[in-house]
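**Q** Submitted below is the structure of interest, expressed as structure tokens.
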Amino acid sequence: MKKTLTLVLTLVMIVSLAFGMFACKTAEPAAPAAPTTEEAAPADATEAPAPAEPTSATVCVGPEPATLDPNMNEAVDGMIYITHLYEGLYRPNTDGSFSLGQAKDITITDNADGTAHVVANLRDDIFWSDGKPVTAQDFVYSWVRLCDPATGSSYGYIGQDFFANGHEVADGTITPDMLSVKAVDDKTLEFDIAANVPYTKDLLAFPSLMPLRQDIVEANPEGWSVEPETQVANGRYILSEFAHESQIVLTKNPEYWEADTTLLDTLNCMLSDDDNAILAAFKSGDLQLADSFPSDELAALRETPEYTQFGQIGLYYLEIQQIDGGLDVLKDVNVRKALSLAIDRDFVNQTVWADSRIPAYSLVPYGVPDATPGSDFRKTAGETVGGDISTDYAANVAKAKELLAAAGYPDGAGFPKLEFSINENTGHQAVAEAIMQMWSQNLGIQVEIATMDWPTFQQYRKTSDCEVARQGWIGDYTDPATFFDLFVSTAGTNDGHYNNPEYDALVIGARTEMDPAKRMEMYHQAEAIFMNDMPVVPIVFYADDVLSQTNFTGFGVTGTGLKMFWGATVAE
Amino acid sequence: MLKYGIKRVFAAILAVIILITATFFLMHMVPGSPFLSERMTDKVKANLEKKYGLDKPLTTQYLIYVDNLLQGDMGTSLQKKGRSVVGIIEEKFPYSAKLGAFAIILALSVGIPLGAIAAINHEKLIDRLVMLFTTIFISVPGFVFGTLLLVIFCAILKIAPATWTDSPANYVLPVISLSFYPICYITKLTRSSMLETLGQDYIKTAHAKGLSAFKVHFKHALKNSAIPVISYVGPLTAFLFSGTFAVEKLFSVPGLGRFFVDSVSNRDYPVIMGTTIFLGCLMVMMNLIVDFVYGMVDPRIKLR
């Protein structure tokens, strides 16, 4: 009996060792991957030769999407599908720039009151996938529907902030049909926007603002978008198959006005949120691209030629609850600063993300443009802003101790036990544990980690029961506004109830400031105020980890997480 | 017999009513809402709650739900917009049921003979080997074993499909993963039950009468060793048919399993209710069938 057991155990060991060696072998370092976006042909290159044989690729960018309705979508994967199915007045290009889409020309003139008037003329050769022409009324219908609070779109704010009287529609002072948009005739669209902001093009290409067909939507308001028969769209692709919880098949729309620039004929999208299954499918060669895999594989995968890291304009941060009736000590700016300064961001980055993220000492991530073309907001302001925080951890810790003593809690004496809440996730758990250790060691503050499921957590972190909570944000568009607007005292996203009138005035003022240099200056000032108040604790800036087969090129990835596949090719 | 049957059926109906009521109120007691996201404002959330009737008092919502349920309407998903709960079950259940049926057939056709062979060869090498393997592997959860299969056959050997195309090849690995634990369990169950039977006097009589060893073992002993296996197979069928979350997710099977788990973590109330009621009824029905089958296999069990 004993002998048999030994034999079996030895066998098991040998098998698992051999298996481990195999696994290592596939992860052997090779030549570093060149970011594929750089070689990507611009989407509007008309001379691109059409391939003779139909081409197809299979990718995985997320699980079953909740909806493919542009007005209702709130997910990054949904944004990817919608961008392939629809086209707005502007369209994104594979390199992240924007060019005219359904509009042949757009004229923007500033009104006297700071708002702006837009006249857009639609192309004559644009059609829906059922053959009907795309009209200005289709845009009006979609935009009114988006802004109408009764629609219940969590992205309604995008339209309500954008159109001149969107807020009046939002709070019900005027009816949705009075929104400042008008179809002059079938091909002419006129509308007023709150301000001609630098990211107007981004917004006119944003999924929420795609045109929609009233007859289609109203025939089946809830379900039209996920059925191939009723998913009538105007973009590069048609939804030809939707096997729920399994796959989405997008095929090239031959009626698209520039169909010859759509190089990939069929895009299959595997729907899965099981990281092991996704990685297995990628390794088996079934997938050309995947943007999710088990996080503990990151260190090994980083060394493979299939791995590329793309910048992402996202921030991982801790929210500190400052609501009246919450934990009082957290209203003390010195306490908040001490908590922030006592964190070794390099260590967190190394242990949780295999050193692949960027430690964050400020609010706005890299990759967001500043006033002058080609400049970067973060680089202009520097890695740190505000008076106290630096990139030197030892100096930060010393300062943190001083600040906590100044708040009346030398070495944490008398400081209440802090609750650190996270949603269930091994990554968040690791971050929380590392920070718990640092706060205990550097400040003498005891921490308790509270883990909850996602819906409970989202509700909890807005309440006075919450003390410190994990948070994250990926920008909607590449402009500082997408980060600063989060923490305006009246914003629904301001879960920690930060309230500084000076900050509010700068951020709200920047929305209508026409001079780019002045506008950016206002944001830089706002960021300095923000970091001096430390209402949240920045930890790291996100990045997008993508696995793609080395023969799969020509796709595009942007900082907002959008992935574009129409220019992609699979080499033999 | 008829009285027993009617009694059992009434008990089953009562169980389902309690299940519906308890699930409904419990799920609303859990904090959270189906309409939460970073971008969701309180106002939009309130609009949505009004739209779906979630702003009404809970008892009113319950009465509305039961009324709709009696008309066969389980509502539509609050997360997967526009998909009816009945439609989801109709679409997803066949995949889970197919997987489950294959897994049960595999588990029974491997587990019972293996257990019987082990019992017949009691204390011999083959018995020891069977016991060793079942003891080791009974403690390995299906999804761990499944992950191993996935890595070996999909990622390394590349002989099994890793994406779902509903081809027969797609079913092989998940069925093996699903049946793995039941195989071990049924083997052990059959073995111990069979050992007990083999010690009985009538087996000795059968041997003495000169019946062939095969006939004694597989006709007389095995049939009488089946009771514990049957009582296990009932709930197992319901469990496997209704989809197993981890294995289905791992092999990208578009089955019902994920809806049980995802609906709860999304607070998708109609889907929680629909899937729970469906699974509950299946479970109750299977137990009912098992109760009746007992009597057929062993007439000594009185149907009271």
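Residue names in the structure tokens use chain letters A, B, ... in the order shown, residue numbers from 1 in each chain, and ligand numbers from 1 in the order shown.
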Please provide the set of residues having any atom within 10 Å of range 228-231 of chain B, restricted to only C-alpha atoms, with same-chain residues fewer than 2 positions apart removed, written as number ranges by chain.
**A** B: 108, 111-112, 185-190, 192-193, 224-226, 233-236, 286-287, 289-291, 293-294, 297
**Q** Tell me which protein, DNA and RNA residues are within 8 Å of Ala12 in chain B, counting only C-alpha atoms, leaving out same-chain ones fewer than 5 positions away, and put them as a PyMOL selection string.
**A** chain B and resi 284-285+288
**Q** Please report the interatomic distance between CA of Ile422 in chain A and CA of Ile320 in chain A in Å with one decimal.
**A**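 Between these atoms lies a distance of 12.7 Å.
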**Q** Sorted by chain and rising residue number, list the residues of chain B at most 7 Å from chain A (counting only C-alpha atoms), each with its closest atom pair and distance in Å to one decimal, as a Markdown table.
**A**
| residue | atom | partner | partner_atom | distance |
| --- | --- | --- | --- | --- |
| B:Pro31 | CA | A:Thr456 | CA | 5.4 |
| B:Gly32 | CA | A:Thr456 | CA | 4.4 |
| B:Ser33 | CA | A:Pro455 | CA | 6.2 |
| B:Leu36 | CA | A:Pro455 | CA | 6.5 |
| B:Glu38 | CA | A:Thr493 | CA | 6.5 |
| B:Arg39 | CA | A:Ser154 | CA | 5.5 |
| B:Met40 | CA | A:Ser154 | CA | 4.6 |
| B:Thr41 | CA | A:Gly492 | CA | 5.0 |
| B:Val44 | CA | A:Gly152 | CA | 5.1 |
| B:Asn47 | CA | A:Ala150 | CA | 6.0 |
| B:Leu48 | CA | A:Gly152 | CA | 5.6 |
| B:Gln79 | CA | A:Ala66 | CA | 5.9 |
| B:Lys80 | CA | A:Ala66 | CA | 4.5 |
| B:Lys81 | CA | A:Glu222 | CA | 5.5 |
| B:Gly82 | CA | A:Gly223 | CA | 3.7 |
| B:Arg83 | CA | A:Gly223 | CA | 6.4 |
| B:Leu150 | CA | A:Ala280 | CA | 6.8 |
| B:Val151 | CA | A:Ala280 | CA | 6.2 |
| B:Cys154 | CA | A:Ser284 | CA | 5.6 |
| B:Ala155 | CA | A:Ser284 | CA | 4.7 |
| B:Lys158 | CA | A:Ser284 | CA | 5.2 |
| B:Ala162 | CA | A:Ala281 | CA | 4.7 |
| B:Thr163 | CA | A:Ala281 | CA | 6.3 |
| B:Trp164 | CA | A:Ser246 | CA | 6.4 |
| B:Lys249 | CA | A:Asp274 | CA | 6.1 |
| B:Leu250 | CA | A:Ala277 | CA | 5.3 |
| B:Phe251 | CA | A:Ala277 | CA | 6.3 |
| B:Ser252 | CA | A:Ser272 | CA | 6.5 |
| B:Pro254 | CA | A:Glu245 | CA | 5.0 |
| B:Ser265 | CA | A:Asp453 | CA | 6.7 |
| B:Asn266 | CA | A:Pro455 | CA | 6.6 |
**Q** Could the residues in this selection be saved with N, CA and C atoms as a PDB file, in the first residue's frame?
**A**
ATOM      1  N   PRO B  31     -28.415  44.262   0.260  1.00  0.00           N
ATOM      2  CA  PRO B  31     -28.188  45.620  -0.246  1.00  0.00           C
ATOM      3  C   PRO B  31     -27.734  45.609  -1.701  1.00  0.00           C
ATOM      4  N   GLY B  32     -27.839  46.745  -2.367  1.00  0.00           N
ATOM      5  CA  GLY B  32     -27.448  46.828  -3.771  1.00  0.00           C
ATOM      6  C   GLY B  32     -28.683  46.971  -4.636  1.00  0.00           C
ATOM      7  N   SER B  33     -28.458  47.248  -5.904  1.00  0.00           N
ATOM      8  CA  SER B  33     -29.555  47.457  -6.835  1.00  0.00           C
ATOM      9  C   SER B  33     -29.090  46.997  -8.198  1.00  0.00           C
ATOM     10  N   LEU B  36     -26.772  49.864 -10.666  1.00  0.00           N
ATOM     11  CA  LEU B  36     -25.642  50.612 -10.124  1.00  0.00           C
ATOM     12  C   LEU B  36     -24.483  50.565 -11.087  1.00  0.00           C
ATOM     13  N   GLU B  38     -20.718  53.193 -12.020  1.00  0.00           N
ATOM     14  CA  GLU B  38     -20.000  54.419 -11.662  1.00  0.00           C
ATOM     15  C   GLU B  38     -20.698  55.656 -12.218  1.00  0.00           C
ATOM     16  N   ARG B  39     -21.229  55.531 -13.423  1.00  0.00           N
ATOM     17  CA  ARG B  39     -21.791  56.691 -14.102  1.00  0.00           C
ATOM     18  C   ARG B  39     -23.251  56.945 -13.738  1.00  0.00           C
ATOM     19  N   MET B  40     -23.850  56.067 -12.940  1.00  0.00           N
ATOM     20  CA  MET B  40     -25.283  56.175 -12.671  1.00  0.00           C
ATOM     21  C   MET B  40     -25.570  57.233 -11.613  1.00  0.00           C
ATOM     22  N   THR B  41     -26.401  58.216 -11.944  1.00  0.00           N
ATOM     23  CA  THR B  41     -26.772  59.213 -10.944  1.00  0.00           C
ATOM     24  C   THR B  41     -28.030  58.733 -10.214  1.00  0.00           C
ATOM     25  N   VAL B  44     -31.275  59.125 -12.326  1.00  0.00           N
ATOM     26  CA  VAL B  44     -31.468  58.121 -13.373  1.00  0.00           C
ATOM     27  C   VAL B  44     -31.882  56.794 -12.749  1.00  0.00           C
ATOM     28  N   ASN B  47     -35.453  56.855 -11.823  1.00  0.00           N
ATOM     29  CA  ASN B  47     -36.273  56.692 -13.027  1.00  0.00           C
ATOM     30  C   ASN B  47     -36.394  55.235 -13.427  1.00  0.00           C
ATOM     31  N   LEU B  48     -35.250  54.542 -13.397  1.00  0.00           N
ATOM     32  CA  LEU B  48     -35.252  53.141 -13.801  1.00  0.00           C
ATOM     33  C   LEU B  48     -36.061  52.301 -12.830  1.00  0.00           C
ATOM     34  N   GLN B  79     -30.629  43.283 -16.466  1.00  0.00           N
ATOM     35  CA  GLN B  79     -29.242  43.499 -16.860  1.00  0.00           C
ATOM     36  C   GLN B  79     -29.056  43.305 -18.354  1.00  0.00           C
ATOM     37  N   LYS B  80     -29.473  42.151 -18.819  1.00  0.00           N
ATOM     38  CA  LYS B  80     -29.363  41.839 -20.244  1.00  0.00           C
ATOM     39  C   LYS B  80     -30.637  42.347 -20.872  1.00  0.00           C
ATOM     40  N   LYS B  81     -30.591  43.585 -21.303  1.00  0.00           N
ATOM     41  CA  LYS B  81     -31.793  44.306 -21.701  1.00  0.00           C
ATOM     42  C   LYS B  81     -32.571  43.579 -22.790  1.00  0.00           C
ATOM     43  N   GLY B  82     -33.868  43.442 -22.551  1.00  0.00           N
ATOM     44  CA  GLY B  82     -34.753  42.918 -23.572  1.00  0.00           C
ATOM     45  C   GLY B  82     -34.802  41.400 -23.659  1.00  0.00           C
ATOM     46  N   ARG B  83     -34.170  40.706 -22.729  1.00  0.00           N
ATOM     47  CA  ARG B  83     -34.231  39.248 -22.810  1.00  0.00           C
ATOM     48  C   ARG B  83     -35.158  38.709 -21.729  1.00  0.00           C
ATOM     49  N   LEU B 150      -8.134  21.877 -19.471  1.00  0.00           N
ATOM     50  CA  LEU B 150      -8.118  23.009 -20.400  1.00  0.00           C
ATOM     51  C   LEU B 150      -6.678  23.354 -20.792  1.00  0.00           C
ATOM     52  N   VAL B 151      -5.830  23.425 -19.776  1.00  0.00           N
ATOM     53  CA  VAL B 151      -4.440  23.803 -20.042  1.00  0.00           C
ATOM     54  C   VAL B 151      -3.754  22.741 -20.895  1.00  0.00           C
ATOM     55  N   CYS B 154      -6.115  22.144 -24.476  1.00  0.00           N
ATOM     56  CA  CYS B 154      -6.357  23.310 -25.331  1.00  0.00           C
ATOM     57  C   CYS B 154      -5.094  24.137 -25.533  1.00  0.00           C
ATOM     58  N   ALA B 155      -4.422  24.473 -24.428  1.00  0.00           N
ATOM     59  CA  ALA B 155      -3.318  25.411 -24.536  1.00  0.00           C
ATOM     60  C   ALA B 155      -2.024  24.735 -24.973  1.00  0.00           C
ATOM     61  N   LYS B 158      -3.188  21.514 -27.882  1.00  0.00           N
ATOM     62  CA  LYS B 158      -4.007  22.159 -28.919  1.00  0.00           C
ATOM     63  C   LYS B 158      -4.851  21.167 -29.705  1.00  0.00           C
ATOM     64  N   ALA B 162     -10.981  25.538 -27.821  1.00  0.00           N
ATOM     65  CA  ALA B 162     -11.048  26.383 -26.636  1.00  0.00           C
ATOM     66  C   ALA B 162     -12.181  27.395 -26.735  1.00  0.00           C
ATOM     67  N   THR B 163     -12.722  27.558 -27.941  1.00  0.00           N
ATOM     68  CA  THR B 163     -13.870  28.453 -28.078  1.00  0.00           C
ATOM     69  C   THR B 163     -15.103  27.611 -28.410  1.00  0.00           C
ATOM     70  N   TRP B 164     -16.254  28.115 -28.042  1.00  0.00           N
ATOM     71  CA  TRP B 164     -17.487  27.330 -28.168  1.00  0.00           C
ATOM     72  C   TRP B 164     -18.062  27.433 -29.578  1.00  0.00           C
ATOM     73  N   LYS B 249     -18.393  28.091 -17.252  1.00  0.00           N
ATOM     74  CA  LYS B 249     -17.649  29.323 -17.491  1.00  0.00           C
ATOM     75  C   LYS B 249     -16.273  28.997 -18.063  1.00  0.00           C
ATOM     76  N   LEU B 250     -15.650  27.983 -17.467  1.00  0.00           N
ATOM     77  CA  LEU B 250     -14.297  27.599 -17.857  1.00  0.00           C
ATOM     78  C   LEU B 250     -14.237  27.176 -19.322  1.00  0.00           C
ATOM     79  N   PHE B 251     -15.251  26.419 -19.761  1.00  0.00           N
ATOM     80  CA  PHE B 251     -15.220  25.916 -21.141  1.00  0.00           C
ATOM     81  C   PHE B 251     -16.113  26.741 -22.067  1.00  0.00           C
ATOM     82  N   SER B 252     -16.467  27.936 -21.616  1.00  0.00           N
ATOM     83  CA  SER B 252     -17.286  28.857 -22.425  1.00  0.00           C
ATOM     84  C   SER B 252     -18.578  28.220 -22.916  1.00  0.00           C
ATOM     85  N   PRO B 254     -22.348  28.057 -23.258  1.00  0.00           N
ATOM     86  CA  PRO B 254     -23.394  29.073 -23.042  1.00  0.00           C
ATOM     87  C   PRO B 254     -24.591  28.501 -22.301  1.00  0.00           C
ATOM     88  N   SER B 265     -25.103  38.226  -8.336  1.00  0.00           N
ATOM     89  CA  SER B 265     -24.115  39.284  -8.159  1.00  0.00           C
ATOM     90  C   SER B 265     -24.496  40.541  -8.935  1.00  0.00           C
ATOM     91  N   ASN B 266     -25.435  40.453  -9.887  1.00  0.00           N
ATOM     92  CA  ASN B 266     -25.911  41.656 -10.574  1.00  0.00           C
ATOM     93  C   ASN B 266     -27.208  42.190  -9.989  1.00  0.00           C
TER      94      ASN B 266
END
**Q** Take CA of Arg258 in chain B and CA of Phe239 in chain B and report the distance between them in Å, one decimal.
**A**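 Distance between the two atoms: 13.3 Å.
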**Q** Any idea what's packed within 8 Å of Ala342 in chain A, counting only C-alpha atoms, ignoring anything in its chain fewer than 3 positions away? Could you give it as a list in words?
**A**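 In the requested form, the answer reads Ala338, Leu339, Tyr393, Asn396, Val397, Ala400, Met438, Trp439, Asn442 and Leu443 of chain A.
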**Q** Quick check for you: according to DSSP on this backbone, which residues of range 156-272 of chain B are classed as alpha helix (DSSP H)? Reply as a count of residues only.
**A** 80
**Q** Might you pull out every residue within 12 Å of Val184 in chain A, with only C-alpha atoms counted and same-chain residues fewer than 5 positions away left off, and present them as a PyMOL selection string?
**A** chain A and resi 119-122+135-137+139-140+189-191
**Q** Go ahead and dump the residues you just picked, N, CA, C and O atoms, as a PDB file, in the first residue's frame.
**A**
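Output saved as part.pdb:
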ATOM      1  N   VAL A 119     -23.436  73.495 -37.424  1.00  0.00           N
ATOM      2  CA  VAL A 119     -24.204  73.092 -38.601  1.00  0.00           C
ATOM      3  C   VAL A 119     -23.458  71.923 -39.239  1.00  0.00           C
ATOM      4  O   VAL A 119     -22.278  72.040 -39.582  1.00  0.00           O
ATOM      5  N   ALA A 120     -24.150  70.804 -39.364  1.00  0.00           N
ATOM      6  CA  ALA A 120     -23.514  69.632 -39.955  1.00  0.00           C
ATOM      7  C   ALA A 120     -24.290  69.206 -41.189  1.00  0.00           C
ATOM      8  O   ALA A 120     -25.516  69.066 -41.133  1.00  0.00           O
ATOM      9  N   ASN A 121     -23.581  69.028 -42.299  1.00  0.00           N
ATOM     10  CA  ASN A 121     -24.201  68.501 -43.511  1.00  0.00           C
ATOM     11  C   ASN A 121     -23.826  67.035 -43.663  1.00  0.00           C
ATOM     12  O   ASN A 121     -22.646  66.682 -43.687  1.00  0.00           O
ATOM     13  N   LEU A 122     -24.842  66.209 -43.778  1.00  0.00           N
ATOM     14  CA  LEU A 122     -24.584  64.769 -43.864  1.00  0.00           C
ATOM     15  C   LEU A 122     -24.185  64.374 -45.283  1.00  0.00           C
ATOM     16  O   LEU A 122     -24.567  65.020 -46.257  1.00  0.00           O
ATOM     17  N   THR A 135     -30.567  59.888 -42.046  1.00  0.00           N
ATOM     18  CA  THR A 135     -31.038  61.270 -42.103  1.00  0.00           C
ATOM     19  C   THR A 135     -30.687  62.034 -40.838  1.00  0.00           C
ATOM     20  O   THR A 135     -30.331  61.433 -39.819  1.00  0.00           O
ATOM     21  N   ALA A 136     -30.830  63.358 -40.932  1.00  0.00           N
ATOM     22  CA  ALA A 136     -30.574  64.214 -39.766  1.00  0.00           C
ATOM     23  C   ALA A 136     -31.542  63.871 -38.637  1.00  0.00           C
ATOM     24  O   ALA A 136     -31.191  63.958 -37.465  1.00  0.00           O
ATOM     25  N   GLN A 137     -32.763  63.449 -38.998  1.00  0.00           N
ATOM     26  CA  GLN A 137     -33.750  63.095 -37.967  1.00  0.00           C
ATOM     27  C   GLN A 137     -33.265  61.920 -37.113  1.00  0.00           C
ATOM     28  O   GLN A 137     -33.602  61.828 -35.926  1.00  0.00           O
ATOM     29  N   PHE A 139     -30.286  61.383 -36.106  1.00  0.00           N
ATOM     30  CA  PHE A 139     -29.406  61.933 -35.073  1.00  0.00           C
ATOM     31  C   PHE A 139     -30.235  62.610 -33.988  1.00  0.00           C
ATOM     32  O   PHE A 139     -29.992  62.414 -32.789  1.00  0.00           O
ATOM     33  N   VAL A 140     -31.199  63.415 -34.422  1.00  0.00           N
ATOM     34  CA  VAL A 140     -32.033  64.134 -33.454  1.00  0.00           C
ATOM     35  C   VAL A 140     -32.734  63.145 -32.528  1.00  0.00           C
ATOM     36  O   VAL A 140     -32.736  63.299 -31.310  1.00  0.00           O
ATOM     37  N   LEU A 189     -28.213  69.167 -40.192  1.00  0.00           N
ATOM     38  CA  LEU A 189     -28.422  69.064 -38.756  1.00  0.00           C
ATOM     39  C   LEU A 189     -27.884  70.336 -38.125  1.00  0.00           C
ATOM     40  O   LEU A 189     -26.762  70.758 -38.423  1.00  0.00           O
ATOM     41  N   GLU A 190     -28.698  70.988 -37.286  1.00  0.00           N
ATOM     42  CA  GLU A 190     -28.210  72.171 -36.575  1.00  0.00           C
ATOM     43  C   GLU A 190     -28.418  71.942 -35.094  1.00  0.00           C
ATOM     44  O   GLU A 190     -29.475  71.503 -34.668  1.00  0.00           O
ATOM     45  N   PHE A 191     -27.386  72.278 -34.316  1.00  0.00           N
ATOM     46  CA  PHE A 191     -27.553  72.127 -32.867  1.00  0.00           C
ATOM     47  C   PHE A 191     -26.633  73.085 -32.119  1.00  0.00           C
ATOM     48  O   PHE A 191     -25.622  73.555 -32.649  1.00  0.00           O
TER      49      PHE A 191
END
**Q** Near Gly280 in chain B, counting only C-alpha atoms, which residues have an atom at most 12 Å away, once you skip same-chain residues fewer than 2 positions from it, shown as a list in words?
**A**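 Once the nearby chain positions are removed, what remains is Ala12, Ile13, Leu14, Ala15, Val16, Ile17, Ile18, Leu19, Ile20, Thr23, Pro235, Ala238, Phe239, Phe241, Ser242, Phe260, Ile272, Met273, Gly274, Thr275, Thr276, Ile277, Phe278, Leu282, Met283, Val284, Met285, Met286 and Asn287 of chain B.
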